[in-house]
Amino acid sequence: MYTPRHFEAPSLVAMQALMTSHPLAALVTPTADGLDANHIPLQWHAQEGGHGVLRGHVARANPLVGSALTGDALVIFQGPQAYVSPGWYPGKAQNGKAVPTWNYLVVHAHGPLRLLDDAAWLREQVRQLSAEHEAGLASPWSVDDAPPDYIDALLKAIVGIEIPITRLQGKWKVSQNQPGPNRAGVIAAMTQLESLRAADS
């Protein structure tokens, strides 16, 4: 990923926080037939390895399960993003030298992909994933809320995924290359847009 120095992620902690807060990732894998991409929620487990481990699952029918992988997987976590209008820059009124752009936060995680066909592992992964995303809801759902035979049947239809992270790269493109007044203009315009969206909803 092309990342000029001024757009580098501010810290390892910031990248890890983005992976946790935006867990729906694009899992890109090299196969004998070319690149393949799957969009799945992944959990980051910090305690294992240098950069942690990503865990999730896919349907057993997914071609990823039977494909011959030819190298490391790339996992893309996309954070907040927005179009930036040149009209938001005070500098545009002075010299007209401004063009549209896009601001965004993104993290790329690299590592070998392991497929896990283990019912106990899958049950725990689904339990943890559900607990994480149900937390805070008025009536959180649990794996134990469903009939055991129903869960057993569903577990047979999925395969686990585990990716030990060997490398992390983050890009925080948030107008750092603009002078202060232009950055302030972007913040003011986006704040106003958010207020309008909130009022419409």
# chains A, B, ... in the order shown; residues from 1 in each chain; ligands from 1
>>> select_by_dssp(residues="chain A", states="strand (DSSP E or B)", output="PDB file with N, CA and C atoms, in the first residue's frame")
ATOM      1  N   GLU A   8       1.165   7.932   7.439  1.00  0.00           N
ATOM      2  CA  GLU A   8       1.365   6.703   8.193  1.00  0.00           C
ATOM      3  C   GLU A   8       0.473   6.681   9.430  1.00  0.00           C
ATOM      4  N   LEU A  24     -15.438  -5.994  10.303  1.00  0.00           N
ATOM      5  CA  LEU A  24     -15.767  -6.604   9.016  1.00  0.00           C
ATOM      6  C   LEU A  24     -14.619  -6.329   8.051  1.00  0.00           C
ATOM      7  N   ALA A  25     -13.874  -7.375   7.723  1.00  0.00           N
ATOM      8  CA  ALA A  25     -12.647  -7.221   6.947  1.00  0.00           C
ATOM      9  C   ALA A  25     -12.767  -7.865   5.578  1.00  0.00           C
ATOM     10  N   ALA A  26     -11.956  -7.383   4.657  1.00  0.00           N
ATOM     11  CA  ALA A  26     -11.800  -8.038   3.353  1.00  0.00           C
ATOM     12  C   ALA A  26     -10.591  -8.957   3.470  1.00  0.00           C
ATOM     13  N   LEU A  27     -10.846 -10.256   3.374  1.00  0.00           N
ATOM     14  CA  LEU A  27      -9.786 -11.259   3.448  1.00  0.00           C
ATOM     15  C   LEU A  27      -9.380 -11.612   2.025  1.00  0.00           C
ATOM     16  N   VAL A  28      -8.171 -11.201   1.638  1.00  0.00           N
ATOM     17  CA  VAL A  28      -7.683 -11.406   0.272  1.00  0.00           C
ATOM     18  C   VAL A  28      -6.633 -12.517   0.298  1.00  0.00           C
ATOM     19  N   THR A  29      -6.879 -13.550  -0.507  1.00  0.00           N
ATOM     20  CA  THR A  29      -5.966 -14.691  -0.524  1.00  0.00           C
ATOM     21  C   THR A  29      -5.495 -14.977  -1.945  1.00  0.00           C
ATOM     22  N   PRO A  30      -4.197 -15.270  -2.109  1.00  0.00           N
ATOM     23  CA  PRO A  30      -3.690 -15.667  -3.420  1.00  0.00           C
ATOM     24  C   PRO A  30      -3.948 -17.158  -3.644  1.00  0.00           C
ATOM     25  N   THR A  31      -4.558 -17.496  -4.758  1.00  0.00           N
ATOM     26  CA  THR A  31      -4.821 -18.893  -5.082  1.00  0.00           C
ATOM     27  C   THR A  31      -4.247 -19.200  -6.460  1.00  0.00           C
ATOM     28  N   GLY A  34      -5.771 -17.042  -9.053  1.00  0.00           N
ATOM     29  CA  GLY A  34      -5.674 -15.591  -8.883  1.00  0.00           C
ATOM     30  C   GLY A  34      -6.130 -15.179  -7.495  1.00  0.00           C
ATOM     31  N   LEU A  35      -6.289 -13.885  -7.300  1.00  0.00           N
ATOM     32  CA  LEU A  35      -6.690 -13.370  -5.995  1.00  0.00           C
ATOM     33  C   LEU A  35      -8.167 -13.646  -5.737  1.00  0.00           C
ATOM     34  N   ASP A  36      -8.470 -13.941  -4.476  1.00  0.00           N
ATOM     35  CA  ASP A  36      -9.839 -14.160  -4.049  1.00  0.00           C
ATOM     36  C   ASP A  36     -10.087 -13.262  -2.848  1.00  0.00           C
ATOM     37  N   ALA A  37     -11.311 -12.743  -2.712  1.00  0.00           N
ATOM     38  CA  ALA A  37     -11.636 -11.866  -1.586  1.00  0.00           C
ATOM     39  C   ALA A  37     -12.934 -12.310  -0.933  1.00  0.00           C
ATOM     40  N   ASN A  38     -12.916 -12.350   0.385  1.00  0.00           N
ATOM     41  CA  ASN A  38     -14.099 -12.672   1.173  1.00  0.00           C
ATOM     42  C   ASN A  38     -14.256 -11.614   2.257  1.00  0.00           C
ATOM     43  N   HIS A  39     -15.496 -11.234   2.526  1.00  0.00           N
ATOM     44  CA  HIS A  39     -15.772 -10.208   3.532  1.00  0.00           C
ATOM     45  C   HIS A  39     -16.379 -10.882   4.756  1.00  0.00           C
ATOM     46  N   ILE A  40     -15.610 -10.906   5.835  1.00  0.00           N
ATOM     47  CA  ILE A  40     -16.046 -11.607   7.035  1.00  0.00           C
ATOM     48  C   ILE A  40     -15.608 -10.838   8.282  1.00  0.00           C
ATOM     49  N   PRO A  41     -16.395 -10.953   9.367  1.00  0.00           N
ATOM     50  CA  PRO A  41     -15.948 -10.341  10.627  1.00  0.00           C
ATOM     51  C   PRO A  41     -14.830 -11.174  11.233  1.00  0.00           C
ATOM     52  N   GLN A  43     -12.040 -11.429  14.603  1.00  0.00           N
ATOM     53  CA  GLN A  43     -11.684 -10.987  15.946  1.00  0.00           C
ATOM     54  C   GLN A  43     -10.172 -10.935  16.080  1.00  0.00           C
ATOM     55  N   TRP A  44      -9.705  -9.847  16.658  1.00  0.00           N
ATOM     56  CA  TRP A  44      -8.276  -9.711  16.918  1.00  0.00           C
ATOM     57  C   TRP A  44      -7.996 -10.171  18.343  1.00  0.00           C
ATOM     58  N   HIS A  45      -7.078 -11.116  18.487  1.00  0.00           N
ATOM     59  CA  HIS A  45      -6.664 -11.618  19.796  1.00  0.00           C
ATOM     60  C   HIS A  45      -5.241 -11.144  20.053  1.00  0.00           C
ATOM     61  N   VAL A  53      -3.412 -12.447  16.739  1.00  0.00           N
ATOM     62  CA  VAL A  53      -3.987 -13.410  15.807  1.00  0.00           C
ATOM     63  C   VAL A  53      -5.399 -12.970  15.448  1.00  0.00           C
ATOM     64  N   LEU A  54      -5.776 -13.145  14.182  1.00  0.00           N
ATOM     65  CA  LEU A  54      -7.142 -12.887  13.739  1.00  0.00           C
ATOM     66  C   LEU A  54      -7.872 -14.224  13.641  1.00  0.00           C
ATOM     67  N   ARG A  55      -9.129 -14.243  14.125  1.00  0.00           N
ATOM     68  CA  ARG A  55      -9.908 -15.477  14.060  1.00  0.00           C
ATOM     69  C   ARG A  55     -11.312 -15.190  13.549  1.00  0.00           C
ATOM     70  N   GLY A  56     -11.838 -16.148  12.792  1.00  0.00           N
ATOM     71  CA  GLY A  56     -13.195 -16.048  12.281  1.00  0.00           C
ATOM     72  C   GLY A  56     -13.606 -17.369  11.668  1.00  0.00           C
ATOM     73  N   HIS A  57     -14.593 -17.330  10.789  1.00  0.00           N
ATOM     74  CA  HIS A  57     -15.030 -18.562  10.115  1.00  0.00           C
ATOM     75  C   HIS A  57     -15.696 -18.221   8.793  1.00  0.00           C
ATOM     76  N   VAL A  58     -15.743 -19.219   7.924  1.00  0.00           N
ATOM     77  CA  VAL A  58     -16.425 -19.091   6.632  1.00  0.00           C
ATOM     78  C   VAL A  58     -17.296 -20.331   6.434  1.00  0.00           C
ATOM     79  N   ALA A  59     -18.204 -20.241   5.483  1.00  0.00           N
ATOM     80  CA  ALA A  59     -19.031 -21.397   5.156  1.00  0.00           C
ATOM     81  C   ALA A  59     -18.164 -22.516   4.582  1.00  0.00           C
ATOM     82  N   LEU A  69      -3.780 -22.435  -1.367  1.00  0.00           N
ATOM     83  CA  LEU A  69      -3.268 -21.094  -1.096  1.00  0.00           C
ATOM     84  C   LEU A  69      -1.791 -21.034  -1.460  1.00  0.00           C
ATOM     85  N   ALA A  73      -2.005 -14.334   3.456  1.00  0.00           N
ATOM     86  CA  ALA A  73      -3.262 -13.619   3.251  1.00  0.00           C
ATOM     87  C   ALA A  73      -3.053 -12.143   3.565  1.00  0.00           C
ATOM     88  N   LEU A  74      -3.867 -11.311   2.932  1.00  0.00           N
ATOM     89  CA  LEU A  74      -3.929  -9.883   3.237  1.00  0.00           C
ATOM     90  C   LEU A  74      -5.322  -9.609   3.774  1.00  0.00           C
ATOM     91  N   VAL A  75      -5.393  -9.009   4.958  1.00  0.00           N
ATOM     92  CA  VAL A  75      -6.682  -8.671   5.567  1.00  0.00           C
ATOM     93  C   VAL A  75      -6.784  -7.156   5.642  1.00  0.00           C
ATOM     94  N   ILE A  76      -7.847  -6.609   5.058  1.00  0.00           N
ATOM     95  CA  ILE A  76      -8.022  -5.158   4.983  1.00  0.00           C
ATOM     96  C   ILE A  76      -9.168  -4.726   5.889  1.00  0.00           C
ATOM     97  N   PHE A  77      -8.842  -3.894   6.863  1.00  0.00           N
ATOM     98  CA  PHE A  77      -9.838  -3.311   7.755  1.00  0.00           C
ATOM     99  C   PHE A  77     -10.045  -1.850   7.344  1.00  0.00           C
ATOM    100  N   GLN A  78     -11.255  -1.514   6.950  1.00  0.00           N
ATOM    101  CA  GLN A  78     -11.572  -0.153   6.496  1.00  0.00           C
ATOM    102  C   GLN A  78     -12.258   0.596   7.618  1.00  0.00           C
ATOM    103  N   GLY A  79     -11.680   1.720   8.034  1.00  0.00           N
ATOM    104  CA  GLY A  79     -12.269   2.541   9.084  1.00  0.00           C
ATOM    105  C   GLY A  79     -13.132   3.646   8.503  1.00  0.00           C
ATOM    106  N   PRO A  80     -13.328   4.713   9.255  1.00  0.00           N
ATOM    107  CA  PRO A  80     -14.125   5.838   8.762  1.00  0.00           C
ATOM    108  C   PRO A  80     -13.539   6.399   7.471  1.00  0.00           C
ATOM    109  N   GLN A  81     -14.418   6.860   6.585  1.00  0.00           N
ATOM    110  CA  GLN A  81     -13.974   7.417   5.304  1.00  0.00           C
ATOM    111  C   GLN A  81     -14.992   8.452   4.840  1.00  0.00           C
ATOM    112  N   ALA A  82     -14.536   9.405   4.031  1.00  0.00           N
ATOM    113  CA  ALA A  82     -15.437  10.454   3.548  1.00  0.00           C
ATOM    114  C   ALA A  82     -14.818  11.199   2.369  1.00  0.00           C
ATOM    115  N   TYR A  83     -15.677  11.629   1.472  1.00  0.00           N
ATOM    116  CA  TYR A  83     -15.301  12.519   0.376  1.00  0.00           C
ATOM    117  C   TYR A  83     -14.959  13.889   0.949  1.00  0.00           C
ATOM    118  N   VAL A  84     -13.961  14.540   0.372  1.00  0.00           N
ATOM    119  CA  VAL A  84     -13.557  15.890   0.794  1.00  0.00           C
ATOM    120  C   VAL A  84     -13.690  16.829  -0.401  1.00  0.00           C
ATOM    121  N   THR A 101     -10.725  15.196  -2.912  1.00  0.00           N
ATOM    122  CA  THR A 101      -9.944  14.034  -2.463  1.00  0.00           C
ATOM    123  C   THR A 101     -10.837  13.170  -1.586  1.00  0.00           C
ATOM    124  N   TRP A 102     -10.242  12.156  -0.990  1.00  0.00           N
ATOM    125  CA  TRP A 102     -10.976  11.252  -0.104  1.00  0.00           C
ATOM    126  C   TRP A 102     -10.134  11.012   1.128  1.00  0.00           C
ATOM    127  N   ASN A 103     -10.720  11.168   2.296  1.00  0.00           N
ATOM    128  CA  ASN A 103     -10.032  10.873   3.545  1.00  0.00           C
ATOM    129  C   ASN A 103     -10.478   9.512   4.063  1.00  0.00           C
ATOM    130  N   TYR A 104      -9.563   8.780   4.677  1.00  0.00           N
ATOM    131  CA  TYR A 104      -9.912   7.451   5.161  1.00  0.00           C
ATOM    132  C   TYR A 104      -8.854   6.929   6.128  1.00  0.00           C
ATOM    133  N   LEU A 105      -9.280   5.924   6.905  1.00  0.00           N
ATOM    134  CA  LEU A 105      -8.375   5.163   7.760  1.00  0.00           C
ATOM    135  C   LEU A 105      -8.449   3.716   7.308  1.00  0.00           C
ATOM    136  N   VAL A 106      -7.297   3.058   7.198  1.00  0.00           N
ATOM    137  CA  VAL A 106      -7.274   1.663   6.765  1.00  0.00           C
ATOM    138  C   VAL A 106      -6.085   0.954   7.400  1.00  0.00           C
ATOM    139  N   VAL A 107      -6.293  -0.329   7.701  1.00  0.00           N
ATOM    140  CA  VAL A 107      -5.211  -1.164   8.224  1.00  0.00           C
ATOM    141  C   VAL A 107      -5.103  -2.411   7.370  1.00  0.00           C
ATOM    142  N   HIS A 108      -3.882  -2.753   6.983  1.00  0.00           N
ATOM    143  CA  HIS A 108      -3.595  -4.002   6.279  1.00  0.00           C
ATOM    144  C   HIS A 108      -2.851  -4.931   7.237  1.00  0.00           C
ATOM    145  N   ALA A 109      -3.391  -6.125   7.430  1.00  0.00           N
ATOM    146  CA  ALA A 109      -2.732  -7.146   8.248  1.00  0.00           C
ATOM    147  C   ALA A 109      -2.315  -8.294   7.340  1.00  0.00           C
ATOM    148  N   HIS A 110      -1.085  -8.753   7.491  1.00  0.00           N
ATOM    149  CA  HIS A 110      -0.551  -9.840   6.664  1.00  0.00           C
ATOM    150  C   HIS A 110      -0.235 -11.040   7.543  1.00  0.00           C
ATOM    151  N   GLY A 111      -0.417 -12.231   6.987  1.00  0.00           N
ATOM    152  CA  GLY A 111      -0.033 -13.434   7.714  1.00  0.00           C
ATOM    153  C   GLY A 111      -0.521 -14.690   7.028  1.00  0.00           C
ATOM    154  N   ARG A 114      -4.664 -20.176   8.213  1.00  0.00           N
ATOM    155  CA  ARG A 114      -4.871 -21.558   8.631  1.00  0.00           C
ATOM    156  C   ARG A 114      -6.371 -21.837   8.652  1.00  0.00           C
ATOM    157  N   LEU A 115      -6.751 -22.978   8.123  1.00  0.00           N
ATOM    158  CA  LEU A 115      -8.140 -23.423   8.183  1.00  0.00           C
ATOM    159  C   LEU A 115      -8.261 -24.447   9.303  1.00  0.00           C
ATOM    160  N   LEU A 116      -9.286 -24.293  10.149  1.00  0.00           N
ATOM    161  CA  LEU A 116      -9.456 -25.151  11.312  1.00  0.00           C
ATOM    162  C   LEU A 116     -10.820 -25.835  11.262  1.00  0.00           C
ATOM    163  N   ILE A 158     -19.561 -24.795   8.812  1.00  0.00           N
ATOM    164  CA  ILE A 158     -18.548 -23.738   8.766  1.00  0.00           C
ATOM    165  C   ILE A 158     -17.165 -24.311   9.054  1.00  0.00           C
ATOM    166  N   VAL A 159     -16.150 -23.540   8.670  1.00  0.00           N
ATOM    167  CA  VAL A 159     -14.749 -23.895   8.913  1.00  0.00           C
ATOM    168  C   VAL A 159     -14.064 -22.667   9.514  1.00  0.00           C
ATOM    169  N   GLY A 160     -13.213 -22.902  10.502  1.00  0.00           N
ATOM    170  CA  GLY A 160     -12.546 -21.801  11.175  1.00  0.00           C
ATOM    171  C   GLY A 160     -11.391 -21.221  10.373  1.00  0.00           C
ATOM    172  N   ILE A 161     -11.100 -19.981  10.662  1.00  0.00           N
ATOM    173  CA  ILE A 161      -9.974 -19.266  10.039  1.00  0.00           C
ATOM    174  C   ILE A 161      -9.119 -18.683  11.153  1.00  0.00           C
ATOM    175  N   GLU A 162      -7.810 -18.821  11.000  1.00  0.00           N
ATOM    176  CA  GLU A 162      -6.871 -18.231  11.952  1.00  0.00           C
ATOM    177  C   GLU A 162      -5.698 -17.649  11.169  1.00  0.00           C
ATOM    178  N   ILE A 163      -5.365 -16.403  11.454  1.00  0.00           N
ATOM    179  CA  ILE A 163      -4.263 -15.726  10.760  1.00  0.00           C
ATOM    180  C   ILE A 163      -3.335 -15.082  11.794  1.00  0.00           C
ATOM    181  N   PRO A 164      -2.185 -15.704  12.084  1.00  0.00           N
ATOM    182  CA  PRO A 164      -1.194 -15.042  12.924  1.00  0.00           C
ATOM    183  C   PRO A 164      -0.620 -13.841  12.152  1.00  0.00           C
ATOM    184  N   ARG A 167       2.705  -8.899   9.928  1.00  0.00           N
ATOM    185  CA  ARG A 167       3.020  -7.504   9.577  1.00  0.00           C
ATOM    186  C   ARG A 167       1.747  -6.681   9.557  1.00  0.00           C
ATOM    187  N   LEU A 168       1.829  -5.460  10.088  1.00  0.00           N
ATOM    188  CA  LEU A 168       0.715  -4.510  10.077  1.00  0.00           C
ATOM    189  C   LEU A 168       1.147  -3.224   9.394  1.00  0.00           C
ATOM    190  N   GLN A 169       0.254  -2.689   8.568  1.00  0.00           N
ATOM    191  CA  GLN A 169       0.513  -1.401   7.926  1.00  0.00           C
ATOM    192  C   GLN A 169      -0.778  -0.589   7.982  1.00  0.00           C
ATOM    193  N   GLY A 170      -0.675   0.647   8.400  1.00  0.00           N
ATOM    194  CA  GLY A 170      -1.850   1.497   8.499  1.00  0.00           C
ATOM    195  C   GLY A 170      -1.675   2.798   7.751  1.00  0.00           C
ATOM    196  N   LYS A 171      -2.778   3.300   7.229  1.00  0.00           N
ATOM    197  CA  LYS A 171      -2.769   4.593   6.534  1.00  0.00           C
ATOM    198  C   LYS A 171      -3.889   5.459   7.104  1.00  0.00           C
ATOM    199  N   TRP A 172      -3.501   6.616   7.617  1.00  0.00           N
ATOM    200  CA  TRP A 172      -4.436   7.587   8.176  1.00  0.00           C
ATOM    201  C   TRP A 172      -4.403   8.815   7.274  1.00  0.00           C
ATOM    202  N   LYS A 173      -5.222   8.826   6.227  1.00  0.00           N
ATOM    203  CA  LYS A 173      -5.244   9.953   5.289  1.00  0.00           C
ATOM    204  C   LYS A 173      -6.354  10.912   5.727  1.00  0.00           C
TER     205      LYS A 173
END
>>> residues_around(residues="Asn182 in chain A", least_positions_apart="6", cutoff="9 Å", atoms="only C-alpha atoms", output="VMD selection string")
chain A and resid 88 to 92 175
>>> atom_distance(atom1="CA of Pro86 in chain A", atom2="CA of Val186 in chain A")
9.0 Å
>>> atom_distance(atom1="CA of His22 in chain A", atom2="CA of Pro10 in chain A")
17.2 Å
>>> closest_residue(among="A:Ile151, A:Ser130, A:Gly96, A:Ser85", to="Ala189 in chain A", atoms="only C-alpha atoms")
A:Ser85
>>> decode(residues="range 115-158 of chain A", atoms="C-alpha atoms", output="PDB file, in the first residue's frame")
ATOM      1  CA  LEU A 115      -8.140 -23.423   8.183  1.00  0.00           C
ATOM      2  CA  LEU A 116      -9.456 -25.151  11.312  1.00  0.00           C
ATOM      3  CA  ASP A 117     -12.025 -27.937  11.120  1.00  0.00           C
ATOM      4  CA  ASP A 118     -12.577 -28.487  14.824  1.00  0.00           C
ATOM      5  CA  ALA A 119     -16.071 -28.404  16.372  1.00  0.00           C
ATOM      6  CA  ALA A 120     -14.909 -27.339  19.844  1.00  0.00           C
ATOM      7  CA  TRP A 121     -12.721 -24.537  18.415  1.00  0.00           C
ATOM      8  CA  LEU A 122     -15.580 -23.344  16.199  1.00  0.00           C
ATOM      9  CA  ARG A 123     -18.102 -23.386  19.036  1.00  0.00           C
ATOM     10  CA  GLU A 124     -15.818 -21.206  21.173  1.00  0.00           C
ATOM     11  CA  GLN A 125     -15.077 -18.849  18.279  1.00  0.00           C
ATOM     12  CA  VAL A 126     -18.782 -18.366  17.519  1.00  0.00           C
ATOM     13  CA  ARG A 127     -19.483 -17.936  21.252  1.00  0.00           C
ATOM     14  CA  GLN A 128     -16.808 -15.235  21.584  1.00  0.00           C
ATOM     15  CA  LEU A 129     -17.815 -13.458  18.369  1.00  0.00           C
ATOM     16  CA  SER A 130     -21.476 -13.365  19.417  1.00  0.00           C
ATOM     17  CA  ALA A 131     -20.685 -12.218  22.949  1.00  0.00           C
ATOM     18  CA  GLU A 132     -18.525  -9.376  21.636  1.00  0.00           C
ATOM     19  CA  HIS A 133     -21.160  -8.003  19.282  1.00  0.00           C
ATOM     20  CA  GLU A 134     -24.168  -8.680  21.506  1.00  0.00           C
ATOM     21  CA  ALA A 135     -22.586  -6.856  24.454  1.00  0.00           C
ATOM     22  CA  GLY A 136     -24.542  -3.751  25.343  1.00  0.00           C
ATOM     23  CA  LEU A 137     -27.796  -4.895  23.738  1.00  0.00           C
ATOM     24  CA  ALA A 138     -30.920  -4.927  25.898  1.00  0.00           C
ATOM     25  CA  SER A 139     -31.366  -8.688  25.448  1.00  0.00           C
ATOM     26  CA  PRO A 140     -28.029 -10.145  24.310  1.00  0.00           C
ATOM     27  CA  TRP A 141     -28.241 -13.364  22.326  1.00  0.00           C
ATOM     28  CA  SER A 142     -26.075 -16.307  23.320  1.00  0.00           C
ATOM     29  CA  VAL A 143     -25.204 -19.562  21.594  1.00  0.00           C
ATOM     30  CA  ASP A 144     -26.952 -21.246  24.531  1.00  0.00           C
ATOM     31  CA  ASP A 145     -30.252 -19.606  23.514  1.00  0.00           C
ATOM     32  CA  ALA A 146     -30.536 -21.894  20.490  1.00  0.00           C
ATOM     33  CA  PRO A 147     -31.279 -25.647  20.613  1.00  0.00           C
ATOM     34  CA  PRO A 148     -28.024 -27.645  20.913  1.00  0.00           C
ATOM     35  CA  ASP A 149     -28.790 -29.851  17.896  1.00  0.00           C
ATOM     36  CA  TYR A 150     -29.451 -26.740  15.797  1.00  0.00           C
ATOM     37  CA  ILE A 151     -26.075 -25.225  16.763  1.00  0.00           C
ATOM     38  CA  ASP A 152     -24.336 -28.569  16.166  1.00  0.00           C
ATOM     39  CA  ALA A 153     -25.745 -28.704  12.631  1.00  0.00           C
ATOM     40  CA  LEU A 154     -24.676 -25.137  11.886  1.00  0.00           C
ATOM     41  CA  LEU A 155     -21.159 -25.744  13.205  1.00  0.00           C
ATOM     42  CA  LYS A 156     -20.792 -28.576  10.697  1.00  0.00           C
ATOM     43  CA  ALA A 157     -21.460 -26.063   7.916  1.00  0.00           C
ATOM     44  CA  ILE A 158     -18.548 -23.738   8.766  1.00  0.00           C
TER      45      ILE A 158
END
